[in-house]
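J.: Right, I'll just put the structure down here and ask away after.
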Amino acid sequence: MRNVTKDTLTQTFLDYCGPETSPRLRFVLENLVGHLHDSIRETELTHDEWRKAIELLTKAGEITTPERNEFVLFSDVLGVSSLVDMVNSRPEATSSSVLGPFHILGAPDLSFGGDLKRDNDGATVIVEGKVRDTQDKPIAGAVIELWQTAENGLYSNQDGAQPEYNLRASIKVRDDGAYALTTVRPSPYSVPDDGPVGELLRATGRHAWRPSHLHFIIKAPGYRSLVTEVFPSDDPYLDEDAVFGVREDLIMEYVEQNDTTRIPDAFEAKDKITAPYFRVDFDFVLSEETSK
Ligand code: BEZ
Ligand code: FE
């Protein structure tokens with residue numbers, strides 16, 4: 001096409017895609033590029049605005065390292081990551097939520113009732129529940145990975161003062177699907193805002209805070225893996241998460257407890273826990289691998 005106009009450009013782009021283009025790629029590109037072109041036509045985007053967008057992306061590239069991916073962070077604060085979660089979610093299972101950048105492989109095993117809090121400062125929380133299927137049956141083979149911030153709002157891989165795998169665990173559930181541990185109450189924290197994402201947040205009057213949460217990945221043979229996070233019901237940022245990760249079914253209650261004699265013997269930290277402490281009960285529901 002020689003005489004491309006603003007009205008023929010989108011179709012010309014699609015005509016340029018050759019027979020190598022898979023049907024799915026053609027479908028996604030047609031939609032994505034179509035919306036992008038429509039947006040430019042509708043907003044009559046100026047050269048300055050286009051330059052600014054390219055500048056933000058260039059800065060994102062410059063700041064991105066294996067430990068910090070500014071493009072993923074853009075996806076998070078624009079709601080793209082959460083939308084991808086939502087359009088792929090199974091209504092019969094626990095909602096998924098953002099993975100975030102602080103997950104690392106190799107978390108140490110923690111047995112039933114284990115003490116993840118150890119020497120960490122902060123309020124003690126007993127977290128327990130079950131992993132079950134959509135028919136309420138326990139999933140005996142499930143493995144739960146858990147990671148969270150310390151009381152200072154930092155993950156172990158952001159904070160040289162914490163041991164390498166602090167507040168990270170891999171937990172094999174019991175045959176009845178149950179898991180239980182003690183940990184520290186996590187704190188709200190802000191997503192990194194010293195790069196172009198922070199520039200965008202400030203330009204739109206937004207803050208960078210996330211409500212406190214515990215991250216989980218739950219895997220079991222024959223079931224769809226679940227990447228999610230759960231939030232305390234009294235967190236001040238619950239209704240304004242910078243990355244749109246909160247879902248109604250991911251909110252749990254931290255119930256304050258004052259009687260330490262009621263802590264079951266199965267908890268490794270039983271003799272160390274002082275009142276007040278918190279109890280949280282949270283079940284995870286996994287959908288079968290093949291179900292839609
Ligand atoms: C997090 O929960 O760790 C997180 C999620 C998205 C962006 C930054 C941090
Ligand atoms: Fe997080």
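Chain identifiers are assigned as A, B, and so on, following the order in which chains appear in the structure tokens; residues are numbered from 1 within each chain, and ligands are numbered from 1 in order of appearance.
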Need to verify the contact set: range 149-154 of chain A, 9 Å, only C-alpha atoms, exclusion of same-chain residues closer than 4 positions in sequence. Can you return it as number ranges by chain?
T.: A: 120-123, 158-159, 162, 166-167, 184-190, 212-214
J.: Mind dumping the selected residues with N, CA, C and O atoms as a tab-separated table (two decimals), in the first residue's frame?
T.:
```tsv
chain	number	residue	atom	x	y	z
A	120	ASN	N	11.55	-12.65	64.03
A	120	ASN	CA	11.03	-11.41	63.43
A	120	ASN	C	10.20	-10.61	64.44
A	120	ASN	O	9.39	-11.17	65.18
A	121	ASP	N	10.39	-9.29	64.43
A	121	ASP	CA	9.56	-8.41	65.25
A	121	ASP	C	8.16	-8.37	64.66
A	121	ASP	O	7.97	-8.60	63.48
A	122	GLY	N	7.19	-7.99	65.51
A	122	GLY	CA	5.83	-7.80	65.02
A	122	GLY	C	4.85	-8.73	65.68
A	122	GLY	O	5.24	-9.64	66.43
A	123	ALA	N	3.58	-8.51	65.39
A	123	ALA	CA	2.53	-9.30	66.02
A	123	ALA	C	2.52	-10.72	65.45
A	123	ALA	O	2.69	-10.92	64.26
A	158	GLN	N	14.80	-7.62	49.47
A	158	GLN	CA	14.96	-6.16	49.37
A	158	GLN	C	15.77	-5.61	50.52
A	158	GLN	O	16.02	-4.40	50.58
A	159	ASP	N	16.11	-6.48	51.46
A	159	ASP	CA	16.61	-6.00	52.75
A	159	ASP	C	17.79	-6.88	53.19
A	159	ASP	O	17.58	-8.02	53.64
A	162	GLN	N	17.90	-8.95	56.51
A	162	GLN	CA	17.12	-10.16	56.77
A	162	GLN	C	17.85	-11.39	56.24
A	162	GLN	O	18.52	-11.32	55.20
A	166	ASN	N	14.11	-15.36	54.73
A	166	ASN	CA	13.25	-14.95	55.85
A	166	ASN	C	11.79	-14.82	55.38
A	166	ASN	O	11.50	-14.23	54.34
A	167	LEU	N	10.89	-15.36	56.16
A	167	LEU	CA	9.44	-15.26	55.91
A	167	LEU	C	9.03	-15.82	54.55
A	167	LEU	O	8.17	-15.27	53.85
A	184	VAL	N	4.47	-13.60	61.18
A	184	VAL	CA	4.35	-12.24	61.70
A	184	VAL	C	3.33	-11.51	60.83
A	184	VAL	O	3.21	-11.79	59.63
A	185	ARG	N	2.61	-10.61	61.45
A	185	ARG	CA	1.63	-9.85	60.68
A	185	ARG	C	2.37	-8.96	59.67
A	185	ARG	O	3.25	-8.18	60.05
A	186	PRO	N	2.06	-9.11	58.36
A	186	PRO	CA	2.78	-8.29	57.37
A	186	PRO	C	2.34	-6.83	57.44
A	186	PRO	O	1.31	-6.53	58.04
A	187	SER	N	3.13	-5.96	56.83
A	187	SER	CA	2.82	-4.52	56.85
A	187	SER	C	2.49	-4.05	55.44
A	187	SER	O	3.00	-4.60	54.47
A	188	PRO	N	1.69	-2.98	55.34
A	188	PRO	CA	1.50	-2.37	54.01
A	188	PRO	C	2.84	-1.86	53.50
A	188	PRO	O	3.74	-1.56	54.30
A	189	TYR	N	3.02	-1.77	52.22
A	189	TYR	CA	4.26	-1.21	51.67
A	189	TYR	C	3.96	-0.59	50.33
A	189	TYR	O	2.91	-0.84	49.73
A	190	SER	N	4.89	0.22	49.85
A	190	SER	CA	4.65	0.87	48.56
A	190	SER	C	5.46	0.17	47.47
A	190	SER	O	6.58	-0.30	47.72
A	212	SER	N	-1.36	-4.58	53.15
A	212	SER	CA	-0.51	-5.72	53.56
A	212	SER	C	-1.14	-7.02	53.06
A	212	SER	O	-2.36	-7.11	52.89
A	213	HIS	N	-0.31	-8.00	52.84
A	213	HIS	CA	-0.83	-9.26	52.29
A	213	HIS	C	0.16	-10.39	52.50
A	213	HIS	O	1.36	-10.15	52.73
A	214	LEU	N	-0.35	-11.59	52.41
A	214	LEU	CA	0.49	-12.79	52.35
A	214	LEU	C	0.37	-13.33	50.93
A	214	LEU	O	-0.75	-13.46	50.42
```
J.: Considering only C-alpha atoms and all ligand atoms, tabulate each residue of chain A that lies at most 12 Å from ligand 2 along with its nearest interatomic pair and the corresponding distance in Å to one decimal; arrange the rows by chain and ascending residue number and present them as JSON lines.
T.:
```
{"residue": "A:Asp76", "atom": "CA", "partner": "ligand 2", "partner_atom_place_in_ligand_line": "1 (Fe)", "distance": 11.8}
{"residue": "A:Ser97", "atom": "CA", "partner": "ligand 2", "partner_atom_place_in_ligand_line": "1 (Fe)", "distance": 10.3}
{"residue": "A:Val98", "atom": "CA", "partner": "ligand 2", "partner_atom_place_in_ligand_line": "1 (Fe)", "distance": 8.4}
{"residue": "A:Leu99", "atom": "CA", "partner": "ligand 2", "partner_atom_place_in_ligand_line": "1 (Fe)", "distance": 7.6}
{"residue": "A:Gly100", "atom": "CA", "partner": "ligand 2", "partner_atom_place_in_ligand_line": "1 (Fe)", "distance": 5.8}
{"residue": "A:Pro101", "atom": "CA", "partner": "ligand 2", "partner_atom_place_in_ligand_line": "1 (Fe)", "distance": 7.7}
{"residue": "A:Phe102", "atom": "CA", "partner": "ligand 2", "partner_atom_place_in_ligand_line": "1 (Fe)", "distance": 6.8}
{"residue": "A:His103", "atom": "CA", "partner": "ligand 2", "partner_atom_place_in_ligand_line": "1 (Fe)", "distance": 8.5}
{"residue": "A:Leu146", "atom": "CA", "partner": "ligand 2", "partner_atom_place_in_ligand_line": "1 (Fe)", "distance": 10.7}
{"residue": "A:Trp147", "atom": "CA", "partner": "ligand 2", "partner_atom_place_in_ligand_line": "1 (Fe)", "distance": 8.1}
{"residue": "A:Gln148", "atom": "CA", "partner": "ligand 2", "partner_atom_place_in_ligand_line": "1 (Fe)", "distance": 6.4}
{"residue": "A:Thr149", "atom": "CA", "partner": "ligand 2", "partner_atom_place_in_ligand_line": "1 (Fe)", "distance": 7.1}
{"residue": "A:Ala150", "atom": "CA", "partner": "ligand 2", "partner_atom_place_in_ligand_line": "1 (Fe)", "distance": 10.8}
{"residue": "A:Gly153", "atom": "CA", "partner": "ligand 2", "partner_atom_place_in_ligand_line": "1 (Fe)", "distance": 9.2}
{"residue": "A:Leu154", "atom": "CA", "partner": "ligand 2", "partner_atom_place_in_ligand_line": "1 (Fe)", "distance": 9.0}
{"residue": "A:Tyr155", "atom": "CA", "partner": "ligand 2", "partner_atom_place_in_ligand_line": "1 (Fe)", "distance": 8.0}
{"residue": "A:Ser156", "atom": "CA", "partner": "ligand 2", "partner_atom_place_in_ligand_line": "1 (Fe)", "distance": 11.4}
{"residue": "A:Asn157", "atom": "CA", "partner": "ligand 2", "partner_atom_place_in_ligand_line": "1 (Fe)", "distance": 11.8}
{"residue": "A:Gln158", "atom": "CA", "partner": "ligand 2", "partner_atom_place_in_ligand_line": "1 (Fe)", "distance": 11.5}
{"residue": "A:Pro186", "atom": "CA", "partner": "ligand 2", "partner_atom_place_in_ligand_line": "1 (Fe)", "distance": 9.5}
{"residue": "A:Ser187", "atom": "CA", "partner": "ligand 2", "partner_atom_place_in_ligand_line": "1 (Fe)", "distance": 9.8}
{"residue": "A:Pro188", "atom": "CA", "partner": "ligand 2", "partner_atom_place_in_ligand_line": "1 (Fe)", "distance": 8.8}
{"residue": "A:Tyr189", "atom": "CA", "partner": "ligand 2", "partner_atom_place_in_ligand_line": "1 (Fe)", "distance": 8.1}
{"residue": "A:Ser190", "atom": "CA", "partner": "ligand 2", "partner_atom_place_in_ligand_line": "1 (Fe)", "distance": 9.2}
{"residue": "A:Val191", "atom": "CA", "partner": "ligand 2", "partner_atom_place_in_ligand_line": "1 (Fe)", "distance": 8.5}
{"residue": "A:Pro192", "atom": "CA", "partner": "ligand 2", "partner_atom_place_in_ligand_line": "1 (Fe)", "distance": 11.4}
{"residue": "A:Trp209", "atom": "CA", "partner": "ligand 2", "partner_atom_place_in_ligand_line": "1 (Fe)", "distance": 10.6}
{"residue": "A:Arg210", "atom": "CA", "partner": "ligand 2", "partner_atom_place_in_ligand_line": "1 (Fe)", "distance": 7.8}
{"residue": "A:Pro211", "atom": "CA", "partner": "ligand 2", "partner_atom_place_in_ligand_line": "1 (Fe)", "distance": 8.8}
{"residue": "A:Ser212", "atom": "CA", "partner": "ligand 2", "partner_atom_place_in_ligand_line": "1 (Fe)", "distance": 7.5}
{"residue": "A:His213", "atom": "CA", "partner": "ligand 2", "partner_atom_place_in_ligand_line": "1 (Fe)", "distance": 6.4}
{"residue": "A:Leu214", "atom": "CA", "partner": "ligand 2", "partner_atom_place_in_ligand_line": "1 (Fe)", "distance": 7.1}
{"residue": "A:His215", "atom": "CA", "partner": "ligand 2", "partner_atom_place_in_ligand_line": "1 (Fe)", "distance": 6.4}
{"residue": "A:Phe216", "atom": "CA", "partner": "ligand 2", "partner_atom_place_in_ligand_line": "1 (Fe)", "distance": 9.9}
{"residue": "A:Val227", "atom": "CA", "partner": "ligand 2", "partner_atom_place_in_ligand_line": "1 (Fe)", "distance": 11.8}
{"residue": "A:Thr228", "atom": "CA", "partner": "ligand 2", "partner_atom_place_in_ligand_line": "1 (Fe)", "distance": 10.1}
{"residue": "A:Glu229", "atom": "CA", "partner": "ligand 2", "partner_atom_place_in_ligand_line": "1 (Fe)", "distance": 7.9}
{"residue": "A:Val230", "atom": "CA", "partner": "ligand 2", "partner_atom_place_in_ligand_line": "1 (Fe)", "distance": 10.0}
{"residue": "A:Phe231", "atom": "CA", "partner": "ligand 2", "partner_atom_place_in_ligand_line": "1 (Fe)", "distance": 10.4}
{"residue": "A:Asp241", "atom": "CA", "partner": "ligand 2", "partner_atom_place_in_ligand_line": "1 (Fe)", "distance": 11.1}
{"residue": "A:Ala242", "atom": "CA", "partner": "ligand 2", "partner_atom_place_in_ligand_line": "1 (Fe)", "distance": 11.3}
{"residue": "A:Val243", "atom": "CA", "partner": "ligand 2", "partner_atom_place_in_ligand_line": "1 (Fe)", "distance": 10.2}
{"residue": "A:Gly245", "atom": "CA", "partner": "ligand 2", "partner_atom_place_in_ligand_line": "1 (Fe)", "distance": 9.9}
{"residue": "A:Val246", "atom": "CA", "partner": "ligand 2", "partner_atom_place_in_ligand_line": "1 (Fe)", "distance": 11.7}
```
J.: Provide the CA of Phe112 in chain A to CA of Lys219 in chain A distance in Å, to one decimal place.
T.: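 One can read the CA of Phe112 in chain A to CA of Lys219 in chain A distance as 16.8 Å.
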J.: Could you give me the residues within range 146-258 of chain A that DSSP places in alpha helix (DSSP H), as a PyMOL selection string?
T.: chain A and resi 196-203
J.: Create the file for the chosen residues now, containing all heavy atoms and written as a short mmCIF file (atom, residue, chain, number, x, y, z; two decimals), in the first residue's frame.
T.:
```cif
data_model
loop_
_atom_site.label_atom_id
_atom_site.label_comp_id
_atom_site.auth_asym_id
_atom_site.auth_seq_id
_atom_site.Cartn_x
_atom_site.Cartn_y
_atom_site.Cartn_z
N PRO A 196 9.99 5.54 36.23
CA PRO A 196 8.92 6.11 35.41
C PRO A 196 7.52 5.75 35.88
O PRO A 196 6.59 6.53 35.69
CB PRO A 196 9.20 5.55 34.01
CG PRO A 196 10.13 4.42 34.20
CD PRO A 196 10.90 4.67 35.45
N VAL A 197 7.36 4.60 36.53
CA VAL A 197 6.03 4.25 37.06
C VAL A 197 5.64 5.25 38.14
O VAL A 197 4.50 5.73 38.20
CB VAL A 197 6.02 2.79 37.60
CG1 VAL A 197 4.80 2.54 38.47
CG2 VAL A 197 6.04 1.81 36.45
N GLY A 198 6.61 5.59 38.99
CA GLY A 198 6.35 6.60 40.03
C GLY A 198 5.97 7.94 39.41
O GLY A 198 5.08 8.63 39.90
N GLU A 199 6.64 8.27 38.29
CA GLU A 199 6.32 9.53 37.58
C GLU A 199 4.85 9.53 37.14
O GLU A 199 4.14 10.52 37.31
CB GLU A 199 7.20 9.59 36.33
CG GLU A 199 8.04 10.83 36.20
CD GLU A 199 8.81 10.82 34.89
OE1 GLU A 199 9.84 10.11 34.82
OE2 GLU A 199 8.39 11.52 33.97
N LEU A 200 4.42 8.38 36.61
CA LEU A 200 3.03 8.28 36.15
C LEU A 200 2.06 8.37 37.34
O LEU A 200 1.03 9.05 37.26
CB LEU A 200 2.82 6.96 35.40
CG LEU A 200 1.39 6.70 34.91
CD1 LEU A 200 1.05 7.65 33.76
CD2 LEU A 200 1.21 5.25 34.46
N LEU A 201 2.42 7.69 38.44
CA LEU A 201 1.54 7.73 39.62
C LEU A 201 1.39 9.17 40.11
O LEU A 201 0.28 9.63 40.39
CB LEU A 201 2.10 6.84 40.74
CG LEU A 201 2.08 5.32 40.49
CD1 LEU A 201 2.73 4.58 41.66
CD2 LEU A 201 0.66 4.81 40.29
N ARG A 202 2.52 9.87 40.20
CA ARG A 202 2.45 11.25 40.72
C ARG A 202 1.69 12.16 39.75
O ARG A 202 0.90 13.01 40.19
CB ARG A 202 3.86 11.79 40.98
CG ARG A 202 4.45 11.26 42.29
CD ARG A 202 5.79 11.88 42.60
NE ARG A 202 6.83 11.43 41.68
CZ ARG A 202 7.46 10.25 41.74
NH1 ARG A 202 7.16 9.40 42.70
NH2 ARG A 202 8.39 9.92 40.86
N ALA A 203 1.88 11.95 38.46
CA ALA A 203 1.20 12.80 37.47
C ALA A 203 -0.31 12.62 37.53
O ALA A 203 -1.08 13.47 37.08
CB ALA A 203 1.70 12.49 36.06
#
```
J.: Counting only C-alpha atoms and all ligand atoms, which of A:Ser82, A:Ser22, A:Thr8, A:Thr46 gets nearest to ligand 1?
T.: A:Ser82
J.: Need the shell around Val143 in chain A: protein/DNA/RNA residues with any atom at most 12 Å away, counting only C-alpha atoms. Skip same-chain ones fewer than 3 positions apart. Format as a PyMOL selection string?
T.: chain A and resi 107+109-112+130-132+139-140+146+169-175+177-179+216-221+223+225-226+284+286
J.: Between A:Leu238, A:Ile126, A:Leu181, A:Met252, single out the one closest to Thr274 in chain A, counting only C-alpha atoms.
T.: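 Between A:Leu238, A:Ile126, A:Leu181, A:Met252, the residue approaching Thr274 in chain A most closely is A:Ile126.
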J.: What does the structure give for the distance between CA of Arg41 in chain A and CA of Leu83 in chain A, in Å to one decimal?
T.: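 About the pair CA of Arg41 in chain A and CA of Leu83 in chain A: they are 24.6 Å apart.
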J.: If I take CA of Val72 in chain A and CA of Glu30 in chain A, how far is one from the other in Å, to one decimal?
T.: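 Taking CA of Val72 in chain A as the start and CA of Glu30 in chain A as the end point, the length is 22.9 Å.
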J.: Would you please work out which residue, of A:Arg247, A:Lys137, A:Arg68, A:Arg262, is nearest to ligand 1 when using only C-alpha atoms and all ligand atoms?
T.: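 Of the candidates, the smallest distance to ligand 1 is held by A:Arg68.
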J.: List as a PyMOL selection string the protein and nucleic acid residues near Arg224 in chain A, meaning an atom at most 12 Å away when only C-alpha atoms are counted, but skip any in the same chain fewer than 4 places from it.
T.: chain A and resi 88-90+92-96+133-134+142+217-220+285-292
J.: Step one, run DSSP on the backbone; step two, keep only residues of range 13-262 of chain A assigned to strand (DSSP E); then write them as a PyMOL selection string.
T.: chain A and resi 114-115+124-133+143-147+168-172+178-184+189-190+209-210+214-219+226-232+251-252+255-257
J.: When you count only C-alpha atoms and all ligand atoms, which of these residues is closest to ligand 1: A:Gly114, A:Thr43, A:Ala208, A:Phe27?
T.: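 Among A:Gly114, A:Thr43, A:Ala208, A:Phe27, it is A:Ala208 that comes nearest to ligand 1.
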J.: What lies within 9 Å of Gly61 in chain A using only C-alpha atoms, ignoring chain neighbours under 6 positions off, as a PyMOL selection string?
T.: chain A and resi 69-71
J.: Residues at most 12 Å from Thr260 in chain A, counting only C-alpha atoms, excluding those fewer than 4 positions away in the same chain, as a PyMOL selection string?
T.: chain A and resi 124+126+256+264-265+267+269-279
J.: Using only C-alpha atoms, determine which residues lie at most 12 Å from Phe13 in chain A, disregarding the query and same-chain residues fewer than 4 positions distant; provide the list as an mmCIF file with all heavy atoms, in the first residue's frame.
T.:
```
data_model
loop_
_atom_site.group_PDB
_atom_site.id
_atom_site.type_symbol
_atom_site.label_atom_id
_atom_site.label_comp_id
_atom_site.auth_asym_id
_atom_site.auth_seq_id
_atom_site.Cartn_x
_atom_site.Cartn_y
_atom_site.Cartn_z
ATOM 1 N N MET A 1 0.857 -1.197 0.000
ATOM 2 C CA MET A 1 0.000 0.000 0.000
ATOM 3 C C MET A 1 0.887 1.239 0.000
ATOM 4 O O MET A 1 1.758 1.393 0.839
ATOM 5 C CB MET A 1 -0.916 -0.039 1.248
ATOM 6 C CG MET A 1 -1.664 1.241 1.563
ATOM 7 S SD MET A 1 -2.946 1.699 0.400
ATOM 8 C CE MET A 1 -4.287 0.638 0.910
ATOM 9 N N VAL A 4 -1.016 5.384 2.178
ATOM 10 C CA VAL A 4 -1.628 5.028 3.466
ATOM 11 C C VAL A 4 -2.245 6.281 4.081
ATOM 12 O O VAL A 4 -1.601 7.329 4.112
ATOM 13 C CB VAL A 4 -0.565 4.441 4.428
ATOM 14 C CG1 VAL A 4 -1.207 4.006 5.721
ATOM 15 C CG2 VAL A 4 0.169 3.291 3.784
ATOM 16 N N THR A 5 -3.453 6.159 4.569
ATOM 17 C CA THR A 5 -4.111 7.288 5.239
ATOM 18 C C THR A 5 -4.405 6.891 6.666
ATOM 19 O O THR A 5 -4.276 5.716 7.031
ATOM 20 C CB THR A 5 -5.437 7.660 4.559
ATOM 21 O OG1 THR A 5 -6.375 6.596 4.816
ATOM 22 C CG2 THR A 5 -5.258 7.869 3.058
ATOM 23 N N LYS A 6 -4.891 7.867 7.433
ATOM 24 C CA LYS A 6 -5.182 7.504 8.831
ATOM 25 C C LYS A 6 -6.351 6.530 8.901
ATOM 26 O O LYS A 6 -6.483 5.794 9.873
ATOM 27 C CB LYS A 6 -5.399 8.757 9.700
ATOM 28 C CG LYS A 6 -6.669 9.518 9.560
ATOM 29 C CD LYS A 6 -6.621 10.695 10.550
ATOM 30 C CE LYS A 6 -7.662 11.753 10.314
ATOM 31 N NZ LYS A 6 -9.030 11.299 10.276
ATOM 32 N N ASP A 7 -7.152 6.488 7.894
ATOM 33 C CA ASP A 7 -8.280 5.559 7.907
ATOM 34 C C ASP A 7 -7.936 4.180 7.349
ATOM 35 O O ASP A 7 -8.638 3.208 7.614
ATOM 36 C CB ASP A 7 -9.452 6.161 7.103
ATOM 37 C CG ASP A 7 -9.962 7.435 7.771
ATOM 38 O OD1 ASP A 7 -10.034 7.437 9.014
ATOM 39 O OD2 ASP A 7 -10.236 8.420 7.064
ATOM 40 N N THR A 8 -6.849 4.089 6.573
ATOM 41 C CA THR A 8 -6.517 2.774 5.986
ATOM 42 C C THR A 8 -5.325 2.118 6.680
ATOM 43 O O THR A 8 -4.984 0.983 6.386
ATOM 44 C CB THR A 8 -6.194 2.908 4.479
ATOM 45 O OG1 THR A 8 -5.053 3.787 4.332
ATOM 46 C CG2 THR A 8 -7.379 3.452 3.696
ATOM 47 N N LEU A 9 -4.696 2.846 7.592
ATOM 48 C CA LEU A 9 -3.445 2.344 8.174
ATOM 49 C C LEU A 9 -3.636 1.034 8.949
ATOM 50 O O LEU A 9 -2.819 0.121 8.847
ATOM 51 C CB LEU A 9 -2.838 3.418 9.085
ATOM 52 C CG LEU A 9 -1.383 3.166 9.467
ATOM 53 C CD1 LEU A 9 -0.612 4.473 9.552
ATOM 54 C CD2 LEU A 9 -1.255 2.432 10.785
ATOM 55 N N CYS A 17 0.789 -8.490 7.599
ATOM 56 C CA CYS A 17 1.068 -9.727 8.343
ATOM 57 C C CYS A 17 0.949 -10.904 7.366
ATOM 58 O O CYS A 17 -0.108 -11.112 6.748
ATOM 59 C CB CYS A 17 0.075 -9.911 9.495
ATOM 60 S SG CYS A 17 0.196 -8.625 10.733
ATOM 61 N N GLY A 18 2.020 -11.677 7.266
ATOM 62 C CA GLY A 18 2.076 -12.744 6.262
ATOM 63 C C GLY A 18 1.429 -14.033 6.729
ATOM 64 O O GLY A 18 0.892 -14.120 7.843
ATOM 65 N N ARG A 26 -2.822 -13.231 14.908
ATOM 66 C CA ARG A 26 -3.531 -12.271 14.055
ATOM 67 C C ARG A 26 -4.711 -11.666 14.823
ATOM 68 O O ARG A 26 -4.943 -10.457 14.805
ATOM 69 C CB ARG A 26 -4.022 -12.958 12.776
ATOM 70 C CG ARG A 26 -4.726 -12.003 11.797
ATOM 71 C CD ARG A 26 -5.160 -12.728 10.539
ATOM 72 N NE ARG A 26 -4.036 -13.192 9.749
ATOM 73 C CZ ARG A 26 -3.388 -12.449 8.848
ATOM 74 N NH1 ARG A 26 -3.770 -11.212 8.625
ATOM 75 N NH2 ARG A 26 -2.382 -12.947 8.173
ATOM 76 N N LEU A 29 -3.364 -9.287 17.584
ATOM 77 C CA LEU A 29 -2.789 -8.064 16.999
ATOM 78 C C LEU A 29 -3.870 -7.169 16.393
ATOM 79 O O LEU A 29 -3.828 -5.949 16.522
ATOM 80 C CB LEU A 29 -1.779 -8.428 15.918
ATOM 81 C CG LEU A 29 -0.380 -8.820 16.389
ATOM 82 C CD1 LEU A 29 0.490 -9.154 15.184
ATOM 83 C CD2 LEU A 29 0.258 -7.702 17.211
ATOM 84 N N GLU A 30 -4.833 -7.797 15.731
ATOM 85 C CA GLU A 30 -5.914 -7.029 15.101
ATOM 86 C C GLU A 30 -6.628 -6.204 16.166
ATOM 87 O O GLU A 30 -6.910 -5.012 15.993
ATOM 88 C CB GLU A 30 -6.886 -7.994 14.421
ATOM 89 C CG GLU A 30 -7.998 -7.286 13.681
ATOM 90 C CD GLU A 30 -8.828 -8.255 12.826
ATOM 91 O OE1 GLU A 30 -8.490 -9.452 12.751
ATOM 92 O OE2 GLU A 30 -9.812 -7.790 12.240
ATOM 93 N N ASN A 31 -6.867 -6.870 17.303
ATOM 94 C CA ASN A 31 -7.567 -6.190 18.388
ATOM 95 C C ASN A 31 -6.696 -5.117 19.035
ATOM 96 O O ASN A 31 -7.106 -3.963 19.203
ATOM 97 C CB ASN A 31 -7.989 -7.250 19.417
ATOM 98 C CG ASN A 31 -8.998 -6.702 20.384
ATOM 99 O OD1 ASN A 31 -8.616 -5.994 21.300
ATOM 100 N ND2 ASN A 31 -10.263 -6.984 20.153
ATOM 101 N N LEU A 32 -5.470 -5.517 19.380
ATOM 102 C CA LEU A 32 -4.576 -4.611 20.113
ATOM 103 C C LEU A 32 -4.202 -3.396 19.272
ATOM 104 O O LEU A 32 -4.356 -2.238 19.706
ATOM 105 C CB LEU A 32 -3.311 -5.374 20.529
ATOM 106 C CG LEU A 32 -2.274 -4.583 21.296
ATOM 107 C CD1 LEU A 32 -2.810 -4.212 22.674
ATOM 108 C CD2 LEU A 32 -0.980 -5.386 21.457
ATOM 109 N N VAL A 33 -3.717 -3.655 18.066
ATOM 110 C CA VAL A 33 -3.269 -2.546 17.216
ATOM 111 C C VAL A 33 -4.475 -1.715 16.775
ATOM 112 O O VAL A 33 -4.398 -0.483 16.681
ATOM 113 C CB VAL A 33 -2.454 -3.084 16.015
ATOM 114 C CG1 VAL A 33 -2.044 -1.954 15.089
ATOM 115 C CG2 VAL A 33 -1.214 -3.817 16.529
ATOM 116 N N GLY A 34 -5.596 -2.390 16.558
ATOM 117 C CA GLY A 34 -6.814 -1.661 16.205
ATOM 118 C C GLY A 34 -7.192 -0.665 17.287
ATOM 119 O O GLY A 34 -7.462 0.513 17.024
ATOM 120 N N HIS A 37 -4.538 2.191 17.461
ATOM 121 C CA HIS A 37 -4.729 3.174 16.385
ATOM 122 C C HIS A 37 -5.986 4.012 16.635
ATOM 123 O O HIS A 37 -5.971 5.239 16.441
ATOM 124 C CB HIS A 37 -4.841 2.460 15.026
ATOM 125 C CG HIS A 37 -3.545 1.886 14.538
ATOM 126 N ND1 HIS A 37 -3.416 1.216 13.345
ATOM 127 C CD2 HIS A 37 -2.303 1.855 15.102
ATOM 128 C CE1 HIS A 37 -2.161 0.817 13.174
ATOM 129 N NE2 HIS A 37 -1.473 1.190 14.251
#
```
J.: Measuring between only C-alpha atoms and all ligand atoms, which one of A:Ile104, A:Leu25, A:Ile54, A:Leu36 shows the shortest distance to ligand 1?
T.: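 Ranking A:Ile104, A:Leu25, A:Ile54, A:Leu36 by distance to ligand 1, first place goes to A:Ile104.
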